Amino acid sequence: MFQKDFSFFLGFIFSILLIPSVPLSHGEIGSISVESFDVIYDIENGNIETIYLDPDFVELIIIMNTVSDGTVELTIPRSLLDAKFDTSDDVFFILVDGFETDYVEINSAFDSRTIIIPFFGGDSIIDVIGTDTLNLFSKPEIPSWIKNNAGWWADGQIDDTAFVQGIQYLINHGIMNIPPTESGESSEKGIPSWIKNNAGWWADGQIDDTAFVQGIQYLITNGILDV
């Protein structure tokens, strides 16, 4: 099978790192939100179309347009994607258009890792494969006593504002954990009746935690609950 040779590119990258006076022109600098985490990129001789996470294969996929040989620098939040062996950092497995490719890691911070990946003109897909990724399907963690509050709210013993403020406090202080949810702009919308119905049914054990949390996520994405 044909193997792409990136030795030239790696030598080019190392020369940049070791000789600060060598200028490097970049075609596009920006960031893309992936599951509420910002992936910062800096691409030379191309542009990034999109970046998305495939949790099933523990990989970050970068779709790009390239006009000639170049490099892309990525700063990846560890909470989104990381590579670990026990508790130590491990290497990522990088594919460029399906070919295994070497890369250079230029920064390893507490909450992110920054890598530079070379590509050839015409390449369009980079796969960054790790060992740990954001679990998009994690089950919510809700203390059982919160059901009392939900029941009181459904019965009209506490008002909407008190319920929303209480849930907001619990989430912000880590007492109630829900799957990652992107916040919407602040809204003056009222709370739909189905959410209050869900709260009552959940308090009575008629629906599970996931169904109740869907209502909480609705409040977050519509800017009614600010977390």
# chains A, B, ... in the order shown; residues from 1 in each chain; ligands from 1
>>> residues_around(residues="region 79-96 of chain A", least_positions_apart="6", cutoff="9 Å", atoms="only C-alpha atoms", output="ChimeraX atom specification")
/A:34-35,37,53,58-60,102-103,108,111-113,117-120,123-135
>>> write_last_selection(atoms="N, CA and C atoms", output="PDB file, in the first residue's frame")
ATOM      1  N   VAL A  34     -17.391  22.347  19.724  1.00  0.00           N
ATOM      2  CA  VAL A  34     -17.714  20.930  19.565  1.00  0.00           C
ATOM      3  C   VAL A  34     -18.255  20.421  20.896  1.00  0.00           C
ATOM      4  N   GLU A  35     -19.545  20.116  20.932  1.00  0.00           N
ATOM      5  CA  GLU A  35     -20.191  19.645  22.155  1.00  0.00           C
ATOM      6  C   GLU A  35     -19.911  20.600  23.324  1.00  0.00           C
ATOM      7  N   PHE A  37     -17.435  22.582  23.755  1.00  0.00           N
ATOM      8  CA  PHE A  37     -16.013  22.840  23.990  1.00  0.00           C
ATOM      9  C   PHE A  37     -15.437  23.516  22.752  1.00  0.00           C
ATOM     10  N   LEU A  53     -17.135  15.461  16.862  1.00  0.00           N
ATOM     11  CA  LEU A  53     -16.691  14.342  17.677  1.00  0.00           C
ATOM     12  C   LEU A  53     -17.453  13.085  17.299  1.00  0.00           C
ATOM     13  N   VAL A  58     -13.966   7.206  19.467  1.00  0.00           N
ATOM     14  CA  VAL A  58     -13.065   8.018  20.306  1.00  0.00           C
ATOM     15  C   VAL A  58     -12.165   8.876  19.425  1.00  0.00           C
ATOM     16  N   GLU A  59     -12.781   9.662  18.559  1.00  0.00           N
ATOM     17  CA  GLU A  59     -11.981  10.468  17.645  1.00  0.00           C
ATOM     18  C   GLU A  59     -12.637  11.814  17.347  1.00  0.00           C
ATOM     19  N   LEU A  60     -11.766  12.763  17.038  1.00  0.00           N
ATOM     20  CA  LEU A  60     -12.176  14.074  16.574  1.00  0.00           C
ATOM     21  C   LEU A  60     -11.924  14.117  15.075  1.00  0.00           C
ATOM     22  N   ASP A 102       2.539  11.229  11.290  1.00  0.00           N
ATOM     23  CA  ASP A 102       3.194  11.738  12.493  1.00  0.00           C
ATOM     24  C   ASP A 102       2.728  13.166  12.770  1.00  0.00           C
ATOM     25  N   TYR A 103       2.912  13.604  13.993  1.00  0.00           N
ATOM     26  CA  TYR A 103       2.547  14.963  14.383  1.00  0.00           C
ATOM     27  C   TYR A 103       3.509  15.438  15.454  1.00  0.00           C
ATOM     28  N   SER A 108       1.311  20.892  26.306  1.00  0.00           N
ATOM     29  CA  SER A 108       0.493  19.976  27.096  1.00  0.00           C
ATOM     30  C   SER A 108       0.110  20.693  28.381  1.00  0.00           C
ATOM     31  N   ASP A 111      -5.654  21.482  30.963  1.00  0.00           N
ATOM     32  CA  ASP A 111      -6.986  21.254  30.405  1.00  0.00           C
ATOM     33  C   ASP A 111      -7.013  21.093  28.889  1.00  0.00           C
ATOM     34  N   SER A 112      -5.840  21.106  28.226  1.00  0.00           N
ATOM     35  CA  SER A 112      -5.829  20.990  26.766  1.00  0.00           C
ATOM     36  C   SER A 112      -4.471  20.496  26.276  1.00  0.00           C
ATOM     37  N   ARG A 113      -4.452  20.052  25.025  1.00  0.00           N
ATOM     38  CA  ARG A 113      -3.218  19.660  24.356  1.00  0.00           C
ATOM     39  C   ARG A 113      -3.200  20.308  22.973  1.00  0.00           C
ATOM     40  N   ILE A 117      -0.249  19.100  12.843  1.00  0.00           N
ATOM     41  CA  ILE A 117      -0.378  17.969  11.932  1.00  0.00           C
ATOM     42  C   ILE A 117      -0.085  18.447  10.505  1.00  0.00           C
ATOM     43  N   PRO A 118       0.817  17.781   9.777  1.00  0.00           N
ATOM     44  CA  PRO A 118       1.089  18.161   8.378  1.00  0.00           C
ATOM     45  C   PRO A 118       0.089  17.501   7.432  1.00  0.00           C
ATOM     46  N   PHE A 119      -0.110  18.120   6.292  1.00  0.00           N
ATOM     47  CA  PHE A 119      -0.971  17.536   5.258  1.00  0.00           C
ATOM     48  C   PHE A 119      -0.450  17.914   3.875  1.00  0.00           C
ATOM     49  N   PHE A 120      -0.903  17.174   2.877  1.00  0.00           N
ATOM     50  CA  PHE A 120      -0.597  17.486   1.490  1.00  0.00           C
ATOM     51  C   PHE A 120      -1.749  18.263   0.872  1.00  0.00           C
ATOM     52  N   ASP A 123      -5.637  17.117   0.558  1.00  0.00           N
ATOM     53  CA  ASP A 123      -6.148  16.338   1.690  1.00  0.00           C
ATOM     54  C   ASP A 123      -7.370  17.040   2.275  1.00  0.00           C
ATOM     55  N   SER A 124      -8.309  16.249   2.775  1.00  0.00           N
ATOM     56  CA  SER A 124      -9.561  16.867   3.227  1.00  0.00           C
ATOM     57  C   SER A 124     -10.068  16.391   4.579  1.00  0.00           C
ATOM     58  N   ILE A 125      -9.556  15.277   5.101  1.00  0.00           N
ATOM     59  CA  ILE A 125     -10.065  14.749   6.369  1.00  0.00           C
ATOM     60  C   ILE A 125      -8.910  14.369   7.287  1.00  0.00           C
ATOM     61  N   ILE A 126      -8.968  14.851   8.517  1.00  0.00           N
ATOM     62  CA  ILE A 126      -8.022  14.444   9.552  1.00  0.00           C
ATOM     63  C   ILE A 126      -8.806  13.753  10.664  1.00  0.00           C
ATOM     64  N   ASP A 127      -8.333  12.579  11.078  1.00  0.00           N
ATOM     65  CA  ASP A 127      -8.900  11.864  12.223  1.00  0.00           C
ATOM     66  C   ASP A 127      -7.883  11.915  13.359  1.00  0.00           C
ATOM     67  N   VAL A 128      -8.279  12.496  14.492  1.00  0.00           N
ATOM     68  CA  VAL A 128      -7.439  12.505  15.690  1.00  0.00           C
ATOM     69  C   VAL A 128      -8.060  11.508  16.661  1.00  0.00           C
ATOM     70  N   ILE A 129      -7.394  10.374  16.866  1.00  0.00           N
ATOM     71  CA  ILE A 129      -7.957   9.273  17.650  1.00  0.00           C
ATOM     72  C   ILE A 129      -7.253   9.192  18.991  1.00  0.00           C
ATOM     73  N   GLY A 130      -8.039   9.172  20.062  1.00  0.00           N
ATOM     74  CA  GLY A 130      -7.492   9.105  21.405  1.00  0.00           C
ATOM     75  C   GLY A 130      -7.961   7.875  22.151  1.00  0.00           C
ATOM     76  N   THR A 131      -7.927   7.960  23.476  1.00  0.00           N
ATOM     77  CA  THR A 131      -8.364   6.845  24.317  1.00  0.00           C
ATOM     78  C   THR A 131      -9.546   7.224  25.202  1.00  0.00           C
ATOM     79  N   ASP A 132      -9.723   8.526  25.456  1.00  0.00           N
ATOM     80  CA  ASP A 132     -10.792   9.001  26.335  1.00  0.00           C
ATOM     81  C   ASP A 132     -11.526  10.136  25.648  1.00  0.00           C
ATOM     82  N   THR A 133     -12.849  10.086  25.717  1.00  0.00           N
ATOM     83  CA  THR A 133     -13.619  11.141  25.085  1.00  0.00           C
ATOM     84  C   THR A 133     -14.843  11.472  25.912  1.00  0.00           C
ATOM     85  N   LEU A 134     -15.459  12.601  25.572  1.00  0.00           N
ATOM     86  CA  LEU A 134     -16.686  13.026  26.224  1.00  0.00           C
ATOM     87  C   LEU A 134     -17.760  11.972  26.010  1.00  0.00           C
ATOM     88  N   ASN A 135     -18.415  11.564  27.106  1.00  0.00           N
ATOM     89  CA  ASN A 135     -19.507  10.589  27.010  1.00  0.00           C
ATOM     90  C   ASN A 135     -20.803  11.338  26.787  1.00  0.00           C
TER      91      ASN A 135
END
>>> select_by_dssp(residues="region 19-154 of chain A", states="alpha helix (DSSP H)", output="list in words")
Ile146, Lys147, Asn148, Asn149, Ala150, Gly151, Trp152, Trp153 and Ala154 of chain A
>>> write_last_selection(atoms="N, CA and C atoms", output="PDB file, in the first residue's frame")
ATOM      1  N   ILE A 146     -34.299  15.340  45.508  1.00  0.00           N
ATOM      2  CA  ILE A 146     -34.758  16.397  44.601  1.00  0.00           C
ATOM      3  C   ILE A 146     -36.181  16.097  44.118  1.00  0.00           C
ATOM      4  N   LYS A 147     -36.575  14.821  44.185  1.00  0.00           N
ATOM      5  CA  LYS A 147     -37.935  14.469  43.780  1.00  0.00           C
ATOM      6  C   LYS A 147     -38.977  15.180  44.648  1.00  0.00           C
ATOM      7  N   ASN A 148     -38.630  15.419  45.914  1.00  0.00           N
ATOM      8  CA  ASN A 148     -39.566  16.152  46.777  1.00  0.00           C
ATOM      9  C   ASN A 148     -39.849  17.533  46.205  1.00  0.00           C
ATOM     10  N   ASN A 149     -38.757  18.238  45.790  1.00  0.00           N
ATOM     11  CA  ASN A 149     -38.917  19.581  45.217  1.00  0.00           C
ATOM     12  C   ASN A 149     -39.748  19.540  43.948  1.00  0.00           C
ATOM     13  N   ALA A 150     -39.479  18.530  43.090  1.00  0.00           N
ATOM     14  CA  ALA A 150     -40.221  18.407  41.842  1.00  0.00           C
ATOM     15  C   ALA A 150     -41.700  18.176  42.122  1.00  0.00           C
ATOM     16  N   GLY A 151     -41.992  17.351  43.132  1.00  0.00           N
ATOM     17  CA  GLY A 151     -43.384  17.080  43.485  1.00  0.00           C
ATOM     18  C   GLY A 151     -44.083  18.312  44.031  1.00  0.00           C
ATOM     19  N   TRP A 152     -43.401  19.066  44.874  1.00  0.00           N
ATOM     20  CA  TRP A 152     -43.990  20.298  45.434  1.00  0.00           C
ATOM     21  C   TRP A 152     -44.274  21.301  44.318  1.00  0.00           C
ATOM     22  N   TRP A 153     -43.334  21.393  43.353  1.00  0.00           N
ATOM     23  CA  TRP A 153     -43.532  22.315  42.234  1.00  0.00           C
ATOM     24  C   TRP A 153     -44.734  21.892  41.397  1.00  0.00           C
ATOM     25  N   ALA A 154     -44.815  20.600  41.087  1.00  0.00           N
ATOM     26  CA  ALA A 154     -45.932  20.096  40.289  1.00  0.00           C
ATOM     27  C   ALA A 154     -47.271  20.323  40.991  1.00  0.00           C
TER      28      ALA A 154
END
>>> closest_residue(among="A:Gly156, A:Pro77, A:Gly174, A:Pro179", to="Val39 (chain A)", atoms="only C-alpha atoms")
A:Pro77
>>> residues_around(residues="Ile191 (chain A)", least_positions_apart="2", cutoff="10 Å", atoms="only C-alpha atoms", output="list in words")
Asp160, Thr161, Val164, Glu188, Lys189, Ser193, Trp194, Ile195, Lys196, Gly215, Tyr218, Leu219, Asn222, Ile224 and Leu225 of chain A
>>> residues_around(residues="Tyr41 (chain A)", least_positions_apart="4", cutoff="9 Å", atoms="only C-alpha atoms", output="PyMOL selection string")
chain A and resi 28-32+48+72-76
>>> closest_residue(among="A:Asn177, A:Asn197, A:Gln168, A:Gln206", to="Gly223 (chain A)", atoms="only C-alpha atoms")
A:Gln168
>>> atom_distance(atom1="CA of Ile178 (chain A)", atom2="CA of Thr114 (chain A)")
28.4 Å
